[in-house]
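Have a look at work_32.cif below; it lists mmCIF, C-alpha atoms.
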```cif
data_protein
loop_
_atom_site.group_PDB
_atom_site.id
_atom_site.type_symbol
_atom_site.label_atom_id
_atom_site.label_comp_id
_atom_site.auth_asym_id
_atom_site.auth_seq_id
_atom_site.Cartn_x
_atom_site.Cartn_y
_atom_site.Cartn_z
ATOM 1 C CA SER A 633 0.000 0.000 0.000
ATOM 2 C CA GLN A 634 1.187 3.507 -0.754
ATOM 3 C CA GLN A 635 1.220 5.909 2.165
ATOM 4 C CA GLY A 636 2.046 9.003 0.190
ATOM 5 C CA GLU A 637 0.813 10.639 -2.932
ATOM 6 C CA GLU A 638 2.957 13.203 -4.643
ATOM 7 C CA ASP A 639 1.993 16.148 -6.698
ATOM 8 C CA PRO A 640 2.727 16.931 -9.432
ATOM 9 C CA GLN A 641 3.609 13.625 -11.060
ATOM 10 C CA ALA A 642 5.933 15.468 -13.409
ATOM 11 C CA LEU A 643 7.480 18.920 -13.386
ATOM 12 C CA SER A 644 9.544 20.672 -16.028
ATOM 13 C CA ILE A 645 11.389 23.907 -15.262
ATOM 14 C CA GLN A 646 14.337 25.905 -16.520
ATOM 15 C CA GLU A 647 17.664 26.091 -14.811
ATOM 16 C CA GLY A 648 17.690 28.747 -12.104
ATOM 17 C CA GLU A 649 14.009 28.413 -11.283
ATOM 18 C CA ASN A 650 12.657 26.962 -8.062
ATOM 19 C CA ALA A 651 10.959 23.552 -7.988
ATOM 20 C CA THR A 652 8.260 22.664 -5.481
ATOM 21 C CA MET A 653 6.957 19.151 -4.920
ATOM 22 C CA ASN A 654 4.179 18.164 -2.548
ATOM 23 C CA CYS A 655 3.493 14.980 -0.643
ATOM 24 C CA SER A 656 0.338 13.939 1.181
ATOM 25 C CA TYR A 657 0.069 10.964 3.493
ATOM 26 C CA LYS A 658 -2.700 9.116 5.269
ATOM 27 C CA THR A 659 -1.719 8.154 8.811
ATOM 28 C CA SER A 660 0.188 9.719 11.695
ATOM 29 C CA ILE A 661 3.926 9.626 11.232
ATOM 30 C CA ASN A 662 7.127 9.514 13.247
ATOM 31 C CA ASN A 663 9.139 11.230 10.552
ATOM 32 C CA LEU A 664 9.038 12.003 6.840
ATOM 33 C CA GLN A 665 11.978 11.683 4.477
ATOM 34 C CA TRP A 666 12.738 12.808 0.941
ATOM 35 C CA TYR A 667 14.818 10.812 -1.525
ATOM 36 C CA ARG A 668 16.167 11.421 -5.024
ATOM 37 C CA GLN A 669 16.497 8.770 -7.721
ATOM 38 C CA ASN A 670 18.416 9.236 -10.928
ATOM 39 C CA SER A 671 17.160 7.124 -13.798
ATOM 40 C CA GLY A 672 17.923 3.434 -13.313
ATOM 41 C CA ARG A 673 19.765 3.975 -10.055
ATOM 42 C CA GLY A 674 19.182 3.499 -6.350
ATOM 43 C CA LEU A 675 17.643 6.183 -4.162
ATOM 44 C CA VAL A 676 19.669 8.747 -2.252
ATOM 45 C CA HIS A 677 18.512 10.136 1.090
ATOM 46 C CA LEU A 678 18.131 13.932 0.976
ATOM 47 C CA ILE A 679 16.551 15.133 4.196
ATOM 48 C CA LEU A 680 14.479 13.992 7.181
ATOM 49 C CA ILE A 681 11.910 15.991 9.117
ATOM 50 C CA ARG A 682 10.437 14.776 12.396
ATOM 51 C CA SER A 683 6.756 15.013 13.246
ATOM 52 C CA ASN A 684 7.402 17.782 15.793
ATOM 53 C CA GLU A 685 9.295 19.925 13.276
ATOM 54 C CA ARG A 686 7.721 22.321 10.801
ATOM 55 C CA GLU A 687 10.621 23.268 8.542
ATOM 56 C CA LYS A 688 14.157 22.112 7.757
ATOM 57 C CA HIS A 689 16.856 23.328 5.417
ATOM 58 C CA SER A 690 19.784 21.594 3.805
ATOM 59 C CA GLY A 691 21.737 23.548 1.214
ATOM 60 C CA ARG A 692 19.308 24.412 -1.602
ATOM 61 C CA LEU A 693 16.616 22.174 -0.125
ATOM 62 C CA ARG A 694 13.801 23.340 2.099
ATOM 63 C CA VAL A 695 11.259 20.920 3.523
ATOM 64 C CA THR A 696 8.067 21.827 5.346
ATOM 65 C CA LEU A 697 5.710 19.570 7.257
ATOM 66 C CA ASP A 698 2.100 20.236 8.199
ATOM 67 C CA THR A 699 0.879 17.358 10.355
ATOM 68 C CA SER A 700 -2.626 18.813 10.631
ATOM 69 C CA LYS A 701 -2.996 18.534 6.855
ATOM 70 C CA LYS A 702 -0.832 15.400 6.612
ATOM 71 C CA SER A 703 1.302 17.013 3.959
ATOM 72 C CA SER A 704 4.884 17.994 3.215
ATOM 73 C CA SER A 705 6.599 20.002 0.532
ATOM 74 C CA LEU A 706 10.105 19.939 -0.885
ATOM 75 C CA LEU A 707 11.486 23.133 -2.397
ATOM 76 C CA ILE A 708 14.641 23.073 -4.488
ATOM 77 C CA THR A 709 15.927 26.594 -5.040
ATOM 78 C CA ALA A 710 17.957 27.740 -8.035
ATOM 79 C CA SER A 711 17.562 24.420 -9.841
ATOM 80 C CA ARG A 712 20.385 22.970 -11.906
ATOM 81 C CA ALA A 713 20.333 20.478 -14.763
ATOM 82 C CA ALA A 714 21.929 17.975 -12.360
ATOM 83 C CA ASP A 715 18.766 18.121 -10.214
ATOM 84 C CA THR A 716 16.909 16.236 -12.962
ATOM 85 C CA ALA A 717 15.658 13.090 -11.221
ATOM 86 C CA SER A 718 12.627 11.545 -9.543
ATOM 87 C CA TYR A 719 11.898 12.663 -6.005
ATOM 88 C CA PHE A 720 10.069 10.514 -3.456
ATOM 89 C CA CYS A 721 8.672 11.210 -0.043
ATOM 90 C CA ALA A 722 8.610 8.375 2.470
ATOM 91 C CA THR A 723 7.110 8.059 5.914
ATOM 92 C CA VAL A 724 7.914 6.192 9.103
ATOM 93 C CA THR A 725 4.963 5.348 11.305
ATOM 94 C CA GLY A 726 5.098 4.395 14.968
ATOM 95 C CA THR A 727 8.171 2.481 16.067
ATOM 96 C CA ALA A 728 8.547 0.584 12.806
ATOM 97 C CA SER A 729 11.810 0.985 10.945
ATOM 98 C CA LYS A 730 10.302 0.464 7.528
ATOM 99 C CA LEU A 731 9.573 3.286 5.122
ATOM 100 C CA THR A 732 6.450 3.629 3.026
ATOM 101 C CA PHE A 733 7.086 5.505 -0.195
ATOM 102 C CA GLY A 734 4.992 7.824 -2.278
ATOM 103 C CA THR A 735 4.623 7.548 -6.023
ATOM 104 C CA GLY A 736 7.225 10.185 -6.840
ATOM 105 C CA THR A 737 7.601 13.399 -8.830
ATOM 106 C CA ARG A 738 9.708 13.391 -11.994
ATOM 107 C CA LEU A 739 11.633 16.656 -12.227
ATOM 108 C CA GLN A 740 13.178 17.812 -15.491
ATOM 109 C CA VAL A 741 15.472 20.838 -15.362
ATOM 110 C CA THR A 742 16.387 22.220 -18.773
ATOM 111 C CA LEU A 743 19.185 24.584 -19.715
ATOM 112 C CA ASP B 443 34.146 2.629 1.227
ATOM 113 C CA GLY B 444 31.019 1.561 3.080
ATOM 114 C CA GLY B 445 27.888 0.823 1.158
ATOM 115 C CA ILE B 446 25.440 -1.689 -0.225
ATOM 116 C CA THR B 447 26.246 -3.900 -3.173
ATOM 117 C CA GLN B 448 23.523 -5.504 -5.243
ATOM 118 C CA SER B 449 24.260 -8.106 -7.858
ATOM 119 C CA PRO B 450 23.731 -8.777 -10.613
ATOM 120 C CA LYS B 451 22.776 -5.464 -12.196
ATOM 121 C CA TYR B 452 20.684 -7.228 -14.849
ATOM 122 C CA LEU B 453 19.061 -10.645 -14.535
ATOM 123 C CA PHE B 454 16.962 -12.658 -16.944
ATOM 124 C CA ARG B 455 14.626 -15.365 -15.752
ATOM 125 C CA LYS B 456 12.898 -18.042 -17.724
ATOM 126 C CA GLU B 457 9.350 -19.043 -16.915
ATOM 127 C CA GLY B 458 9.245 -21.444 -13.957
ATOM 128 C CA GLN B 459 12.718 -20.638 -12.681
ATOM 129 C CA ASN B 460 13.717 -19.424 -9.257
ATOM 130 C CA VAL B 461 16.348 -16.689 -9.160
ATOM 131 C CA THR B 462 18.248 -15.144 -6.267
ATOM 132 C CA LEU B 463 19.240 -11.502 -6.009
ATOM 133 C CA SER B 464 22.198 -10.672 -3.839
ATOM 134 C CA CYS B 465 22.437 -7.795 -1.344
ATOM 135 C CA GLU B 466 25.514 -7.230 0.806
ATOM 136 C CA GLN B 467 26.271 -4.292 3.113
ATOM 137 C CA ASN B 468 29.371 -3.321 5.063
ATOM 138 C CA LEU B 469 27.787 -0.468 6.991
ATOM 139 C CA ASN B 470 27.172 -2.535 10.133
ATOM 140 C CA HIS B 471 23.467 -1.742 9.795
ATOM 141 C CA ASP B 472 21.042 -3.925 11.707
ATOM 142 C CA ALA B 473 18.027 -3.541 9.415
ATOM 143 C CA MET B 474 17.741 -4.481 5.749
ATOM 144 C CA TYR B 475 14.894 -4.192 3.250
ATOM 145 C CA TRP B 476 13.803 -5.292 -0.201
ATOM 146 C CA TYR B 477 11.612 -3.107 -2.376
ATOM 147 C CA ARG B 478 10.150 -3.610 -5.800
ATOM 148 C CA GLN B 479 9.745 -0.682 -8.194
ATOM 149 C CA ASP B 480 7.397 -0.688 -11.141
ATOM 150 C CA PRO B 481 6.901 2.302 -13.430
ATOM 151 C CA GLY B 482 4.500 4.832 -11.968
ATOM 152 C CA GLN B 483 3.968 2.909 -8.737
ATOM 153 C CA GLY B 484 6.807 4.039 -6.522
ATOM 154 C CA LEU B 485 8.456 1.489 -4.238
ATOM 155 C CA ARG B 486 6.626 -1.366 -2.573
ATOM 156 C CA LEU B 487 8.035 -3.310 0.368
ATOM 157 C CA ILE B 488 8.609 -7.030 -0.152
ATOM 158 C CA TYR B 489 10.418 -8.169 2.998
ATOM 159 C CA TYR B 490 12.442 -6.605 5.766
ATOM 160 C CA SER B 491 14.701 -7.776 8.559
ATOM 161 C CA GLN B 492 15.567 -5.872 11.710
ATOM 162 C CA ILE B 493 17.954 -8.479 13.129
ATOM 163 C CA VAL B 494 19.837 -11.577 12.058
ATOM 164 C CA ASN B 495 17.721 -14.722 11.731
ATOM 165 C CA ASP B 496 14.484 -12.743 11.760
ATOM 166 C CA PHE B 497 12.456 -11.150 8.971
ATOM 167 C CA GLN B 498 8.932 -9.936 8.285
ATOM 168 C CA LYS B 499 6.693 -9.822 5.260
ATOM 169 C CA GLY B 500 6.030 -6.513 3.630
ATOM 170 C CA ASP B 501 3.096 -5.504 1.487
ATOM 171 C CA ILE B 502 3.830 -7.767 -1.493
ATOM 172 C CA ALA B 503 5.666 -10.833 -0.114
ATOM 173 C CA GLU B 504 3.798 -13.477 -2.131
ATOM 174 C CA GLY B 505 6.106 -15.289 -4.530
ATOM 175 C CA TYR B 506 9.272 -14.110 -2.769
ATOM 176 C CA SER B 507 11.482 -15.533 -0.024
ATOM 177 C CA VAL B 508 14.435 -14.202 1.972
ATOM 178 C CA SER B 509 16.988 -15.267 4.531
ATOM 179 C CA ARG B 510 19.112 -13.344 7.022
ATOM 180 C CA GLU B 511 21.824 -15.700 8.226
ATOM 181 C CA LYS B 512 24.460 -12.980 8.436
ATOM 182 C CA LYS B 513 24.176 -9.320 9.394
ATOM 183 C CA GLU B 514 25.835 -8.287 6.140
ATOM 184 C CA SER B 515 23.674 -10.282 3.747
ATOM 185 C CA PHE B 516 19.982 -10.322 2.830
ATOM 186 C CA PRO B 517 19.391 -12.308 -0.389
ATOM 187 C CA LEU B 518 16.007 -12.278 -2.108
ATOM 188 C CA THR B 519 14.715 -15.267 -4.052
ATOM 189 C CA VAL B 520 12.068 -14.663 -6.683
ATOM 190 C CA THR B 521 10.218 -17.954 -6.991
ATOM 191 C CA SER B 522 8.194 -19.361 -9.853
ATOM 192 C CA ALA B 523 5.085 -18.499 -7.820
ATOM 193 C CA GLN B 524 5.674 -14.811 -8.547
ATOM 194 C CA LYS B 525 3.590 -14.362 -11.664
ATOM 195 C CA ASN B 526 4.831 -10.943 -12.738
ATOM 196 C CA PRO B 527 8.429 -10.634 -11.580
ATOM 197 C CA THR B 528 9.689 -8.195 -14.201
ATOM 198 C CA ALA B 529 10.665 -5.108 -12.183
ATOM 199 C CA PHE B 530 13.509 -3.127 -10.663
ATOM 200 C CA TYR B 531 14.509 -4.503 -7.257
ATOM 201 C CA LEU B 532 16.123 -2.302 -4.636
ATOM 202 C CA CYS B 533 17.824 -3.340 -1.428
ATOM 203 C CA ALA B 534 18.330 -0.895 1.428
ATOM 204 C CA SER B 535 19.650 -0.836 4.963
ATOM 205 C CA SER B 536 19.296 1.353 8.028
ATOM 206 C CA ILE B 537 21.026 1.609 11.366
ATOM 207 C CA GLY B 538 18.339 0.119 13.548
ATOM 208 C CA LYS B 539 14.775 0.072 14.665
ATOM 209 C CA VAL B 540 14.233 3.805 14.452
ATOM 210 C CA ASN B 541 14.598 4.852 10.861
ATOM 211 C CA TYR B 542 16.726 7.915 10.307
ATOM 212 C CA GLY B 543 17.306 7.168 6.673
ATOM 213 C CA TYR B 544 18.031 4.338 4.306
ATOM 214 C CA THR B 545 21.126 3.612 2.292
ATOM 215 C CA PHE B 546 20.179 2.032 -1.017
ATOM 216 C CA GLY B 547 21.980 -0.284 -3.369
ATOM 217 C CA SER B 548 22.071 0.443 -7.086
ATOM 218 C CA GLY B 549 19.362 -2.083 -7.911
ATOM 219 C CA THR B 550 18.842 -5.232 -9.967
ATOM 220 C CA ARG B 551 16.656 -5.176 -13.064
ATOM 221 C CA LEU B 552 14.917 -8.519 -13.470
ATOM 222 C CA THR B 553 13.298 -9.468 -16.757
ATOM 223 C CA VAL B 554 11.305 -12.581 -17.568
ATOM 224 C CA VAL B 555 12.159 -14.015 -20.972
#
```

Show me the file's structure as structure tokens.
Amino acid sequence: SQQGEEDPQALSIQEGENATMNCSYKTSINNLQWYRQNSGRGLVHLILIRSNEREKHSGRLRVTLDTSKKSSSLLITASRAADTASYFCATVTGTASKLTFGTGTRLQVTL
Amino acid sequence: DGGITQSPKYLFRKEGQNVTLSCEQNLNHDAMYWYRQDPGQGLRLIYYSQIVNDFQKGDIAEGYSVSREKKESFPLTVTSAQKNPTAFYLCASSIGKVNYGYTFGSGTRLTVV
């Protein structure tokens, strides 16, 4: 079962623009994580936000979490062509170690 | 360098065959996971193990089997009972029970021929 749904499914922007991806989930969470996947490769962990946090930053990444709306957003500022990838949100519920992934957003950054 | 190694990168299976996908980690992580990825469906959990000699079914365990005899290794067998095995398989690990992030392998693409 998929915990998260991401929006949009695909996003195309020009280099230098900001990219925003949204994730909605269904049940209460312990934390929410964002991952990047380049085509045909494994996923890379980007950032984690705990349920008691509202915003986190890491370099050009900014993540927000609204537990009342069961949603999160990932903002990539000043996008580069190298940011072209699929981005997934994933949630941890309760004390379980396993992650439940969303369906992903495909980001295309053009020169 | 620490990391997770999946092999082979590409695997072809004939109808009725069992095949085993390898996953080895040298990160000293306690927990390991197998996910299946199909186009447009994200990742779905097949099996996971939080400790040696113990594992649990995920959301789509039917037609798959695993073992966890060593901390470093978590092989996945795709049996002939799995009717639609063509997919991209990803192995991951994490430090322990509380998940602060996965480390992923580079994946195995399995195709039925």

(Q) Near chain A, meaning an atom within 8 Å, which residues of chain B appear when counting only C-alpha atoms? Write them as a PyMOL selection string. (A) chain B and resi 473+475+482-487+490+492+501+532+538-549

Q: Apply the PyMOL selection byres ((chain A and resi 649) around 7) to the displayed file and report the matching residues as a ChimeraX atom specification.
A: /A:645-648,650-651,709-711

Q: Excluding range 515-528 of chain B and residues on its chain fewer than 6 positions from it, collect all residues at most 9 Å away from it, counting only C-alpha atoms, and give them as a VMD selection string.
A: chain B and resid 454 to 455 457 to 467 474 to 476 480 489 to 491 504 to 509 551 to 554

Q | 9 Å contact set for Leu697 in chain A, all atoms listed in the file, chain neighbours under 6 positions out, as a ChimeraX atom specification | A | /A:664,681-688,703-705

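A straight line drawn from CA of Ala642 in chain A to CA of Lys702 in chain A is 21.1 Å long.
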
**Q.** B:Thr447, B:Asp472, B:Tyr452, B:Tyr477 ranked by distance to Ser535 in chain B, top pick (using only C-alpha atoms)
**A.** B:Asp472

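The two atoms in question, CA of Met653 in chain A and CA of Arg712 in chain A, are spaced 15.6 Å apart.
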
Q: Report the distance between CA of Gly691 in chain A and CA of Ile661 in chain A in Å, rounded to one decimal place.
A: 24.7 Å

Any chance you could work out the axis-aligned box around range 712-723 of chain A, listed atoms only, 8 Å on each side, giving centre and edge lengths in Å to one decimal, as lines of an AutoDock Vina configuration file?
```
center_x = 14.5
center_y = 15.5
center_z = -4.4
size_x = 30.8
size_y = 30.9
size_z = 36.7
```

**Q.** Distance query Val494 in chain B at most 7 Å, all atoms listed in the file, self and fewer than 3 positions along chain excluded, as an MDAnalysis selection string
**A.** chainID B and resid 510:513

Q | Selected residue of minimal separation from Ala714 in chain A among A:Arg668, A:Arg694, A:His689, A:Lys701, counting only C-alpha atoms | A |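 Result for the nearest residue to Ala714 in chain A: A:Arg668.
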